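Only one structure is covered here, and it is reproduced in the block below.
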Amino acid sequence: MKAAKSFLNFIRFILFGNIFLFNLWAVGLQSLSYTSSSPVDGTVINEQQNLKQNDEVQNPIDNPIAGAWRFVGHIYNDTIIPPMNDKLVITFEFLPDNTDILKWYRIGETGFCERKAKYNYIEQTLSEEIFWVNPENSFECSKDPDMHLGRKTSSVLKKINGQLHLELPLGDQKLVYLWDPIR
């Protein structure tokens with residue numbers, strides 16, 4: 001019941017043109033634990049510190065997520081759901097210097113939201129820390145937690161058949177954001 005209610009809320013956000021699509025991501029990430037124990041020796045690992053400890057730049061050849069990506073839909077309960085707002089464009093670009101750029105806007109409308117983060121991609125885990133938020137962002141961007149300076153997140157990101165799958169918890173289920181490469 002809880003998952004169904006979460007899914008209905010998700011659909012309501014999309015149907016009413018909520019440009020804060022990443023609020024679901026942010027809310028889901030807040031429920032993730034940033035501290036875990038090593039399965040081998042019980043050592044506590046702080047994922048938020050992981051960004052600072054692993055600041056070396058990844059070799060672009062070894063970085064399977066490098067490049068520009070466009071949001072193309074979701075997977076929920078093993079069902080592929082195309083974007084419900086065809087005017088919403090969300091792009092994610094992973095640069096060779098371990099900077100990523102997230103930007104979204106609506107076709108035919110003014111305004112956008114854009115931010116940059118330092119990222120690490122290790123063992124299918126994307127860890128990010130936002131270091132720049134575009135001062136020209138629309139006012140409404142401040143409502144999107146993924147547009148807040150200093151925010152740190154960690155989430156599962158897999159590359160499957162040339163497509164990125166960003167997994168986010170949604171109640172007892174998971175919501176997967178699908179990204180195709182921009183050529």
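Following the order of the structure tokens, first chain is A, next is B, and so on, with residues numbered from 1 inside each chain and ligands from 1 in the order they appear.
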Requested in this report: Identify all residues of stretch 87-128 of chain A in strand (DSSP E) (DSSP on the backbone) and supply them as a PyMOL selection string.
Outcome: chain A and resi 88-94+99-106+112-122+125-128
May I have the residues from that selection written out with C-alpha atoms, as a PDB file, in the first residue's frame?
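Everything below was put into result.pdb:
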ATOM      1  CA  LEU A  88      10.921  18.248 -19.950  1.00  0.00           C
ATOM      2  CA  VAL A  89      14.580  17.789 -20.930  1.00  0.00           C
ATOM      3  CA  ILE A  90      17.016  16.529 -18.302  1.00  0.00           C
ATOM      4  CA  THR A  91      20.673  16.049 -19.162  1.00  0.00           C
ATOM      5  CA  PHE A  92      23.553  14.655 -17.136  1.00  0.00           C
ATOM      6  CA  GLU A  93      27.131  15.096 -18.331  1.00  0.00           C
ATOM      7  CA  PHE A  94      30.120  13.333 -16.765  1.00  0.00           C
ATOM      8  CA  THR A  99      32.857  16.994 -12.647  1.00  0.00           C
ATOM      9  CA  ASP A 100      29.273  16.286 -13.595  1.00  0.00           C
ATOM     10  CA  ILE A 101      26.685  18.759 -14.842  1.00  0.00           C
ATOM     11  CA  LEU A 102      22.970  18.249 -14.282  1.00  0.00           C
ATOM     12  CA  LYS A 103      20.619  20.544 -16.188  1.00  0.00           C
ATOM     13  CA  TRP A 104      16.894  20.550 -16.848  1.00  0.00           C
ATOM     14  CA  TYR A 105      14.468  22.796 -18.665  1.00  0.00           C
ATOM     15  CA  ARG A 106      11.193  22.644 -20.567  1.00  0.00           C
ATOM     16  CA  PHE A 112      16.285  26.257 -16.402  1.00  0.00           C
ATOM     17  CA  CYS A 113      18.097  24.644 -13.484  1.00  0.00           C
ATOM     18  CA  GLU A 114      21.778  23.719 -13.637  1.00  0.00           C
ATOM     19  CA  ARG A 115      24.409  22.617 -11.183  1.00  0.00           C
ATOM     20  CA  LYS A 116      27.872  21.053 -11.106  1.00  0.00           C
ATOM     21  CA  ALA A 117      29.204  18.436  -8.730  1.00  0.00           C
ATOM     22  CA  LYS A 118      32.428  16.558  -8.128  1.00  0.00           C
ATOM     23  CA  TYR A 119      31.793  12.872  -8.545  1.00  0.00           C
ATOM     24  CA  ASN A 120      33.361   9.478  -8.082  1.00  0.00           C
ATOM     25  CA  TYR A 121      32.072   6.361  -9.745  1.00  0.00           C
ATOM     26  CA  ILE A 122      33.339   3.269  -7.980  1.00  0.00           C
ATOM     27  CA  THR A 125      28.139   3.696  -6.905  1.00  0.00           C
ATOM     28  CA  LEU A 126      27.909   7.353  -7.906  1.00  0.00           C
ATOM     29  CA  SER A 127      28.971   9.716  -5.104  1.00  0.00           C
ATOM     30  CA  GLU A 128      28.531  13.443  -5.661  1.00  0.00           C
TER      31      GLU A 128
END
Against stretch 166-174 of chain A, which residues of stretch 59-138 of chain A fall within 10 Å? For each one I want the closest pair of atoms and the distance in Å (one decimal), counting only C-alpha atoms, rows by chain and increasing residue number, as a tab-separated table.
residue	atom	partner	partner_atom	distance
A:His74	CA	A:Leu166	CA	9.2
A:Ile75	CA	A:Lys174	CA	8.4
A:Tyr76	CA	A:Lys174	CA	6.8
A:Asn77	CA	A:Gln173	CA	7.4
A:Asp78	CA	A:Lys174	CA	9.7
A:Gln124	CA	A:Leu166	CA	9.6
A:Thr125	CA	A:Leu166	CA	9.5
A:Leu126	CA	A:Leu166	CA	8.9
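Proximity to A:Ala66 was assessed for A:Asp97, A:Asp144, A:Asp86, A:Glu129 counting only C-alpha atoms; the smallest distance is recorded for A:Asp97.
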Query - Computed interatomic separation between atom CA of A:Pro135 and atom CA of A:Ala68 (Å) - result: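 Atom CA of A:Ala68 lies at a distance of 22.2 Å from atom CA of A:Pro135.
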Report task. Excluding A:His148 and any residue of its chain fewer than 4 positions from it, enumerate the residues within 9 Å of it, using only C-alpha atoms, and give them as a ChimeraX atom specification. Result -> /A:115,130-133,141-144
Once you have the residues from the selection above, write them out as a compact mmCIF listing (two decimals), in the first residue's frame, restricted to N, CA and C atoms.
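Okay, this is what ended up in part_3.txt:
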# COMPACT_ATOMS: atom_id res chain seq x y z
N ARG A 115 23.43 22.67 -12.25
CA ARG A 115 24.41 22.62 -11.18
C ARG A 115 25.57 21.73 -11.60
N ILE A 130 27.85 18.69 -4.62
CA ILE A 130 27.56 19.86 -5.46
C ILE A 130 28.44 21.02 -5.03
N PHE A 131 29.18 21.58 -5.99
CA PHE A 131 30.08 22.70 -5.68
C PHE A 131 29.70 23.99 -6.40
N TRP A 132 28.76 23.94 -7.33
CA TRP A 132 28.37 25.14 -8.07
C TRP A 132 26.91 25.03 -8.48
N VAL A 133 26.16 26.08 -8.25
CA VAL A 133 24.78 26.19 -8.69
C VAL A 133 24.69 27.44 -9.55
N CYS A 141 14.13 26.61 -8.83
CA CYS A 141 15.19 25.62 -8.64
C CYS A 141 15.55 25.45 -7.17
N SER A 142 15.37 26.50 -6.38
CA SER A 142 15.73 26.42 -4.97
C SER A 142 14.88 25.38 -4.22
N LYS A 143 13.75 24.99 -4.80
CA LYS A 143 12.91 23.96 -4.18
C LYS A 143 13.42 22.55 -4.45
N ASP A 144 14.32 22.42 -5.41
CA ASP A 144 14.86 21.12 -5.79
C ASP A 144 16.11 20.84 -4.95
Requested in this report: From a DSSP pass on the backbone, collect the residues of stretch 98-152 of chain A flagged as helix (DSSP H, G or I) and hand them back as a count of residues only.
Outcome: 8
Query raised in the report: When you draw a straight line from atom CA of A:Tyr177 to atom CA of A:Asn63, how long is it in Å?
Result: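 Atom-to-atom, atom CA of A:Tyr177 and atom CA of A:Asn63 are spaced 19.4 Å apart.
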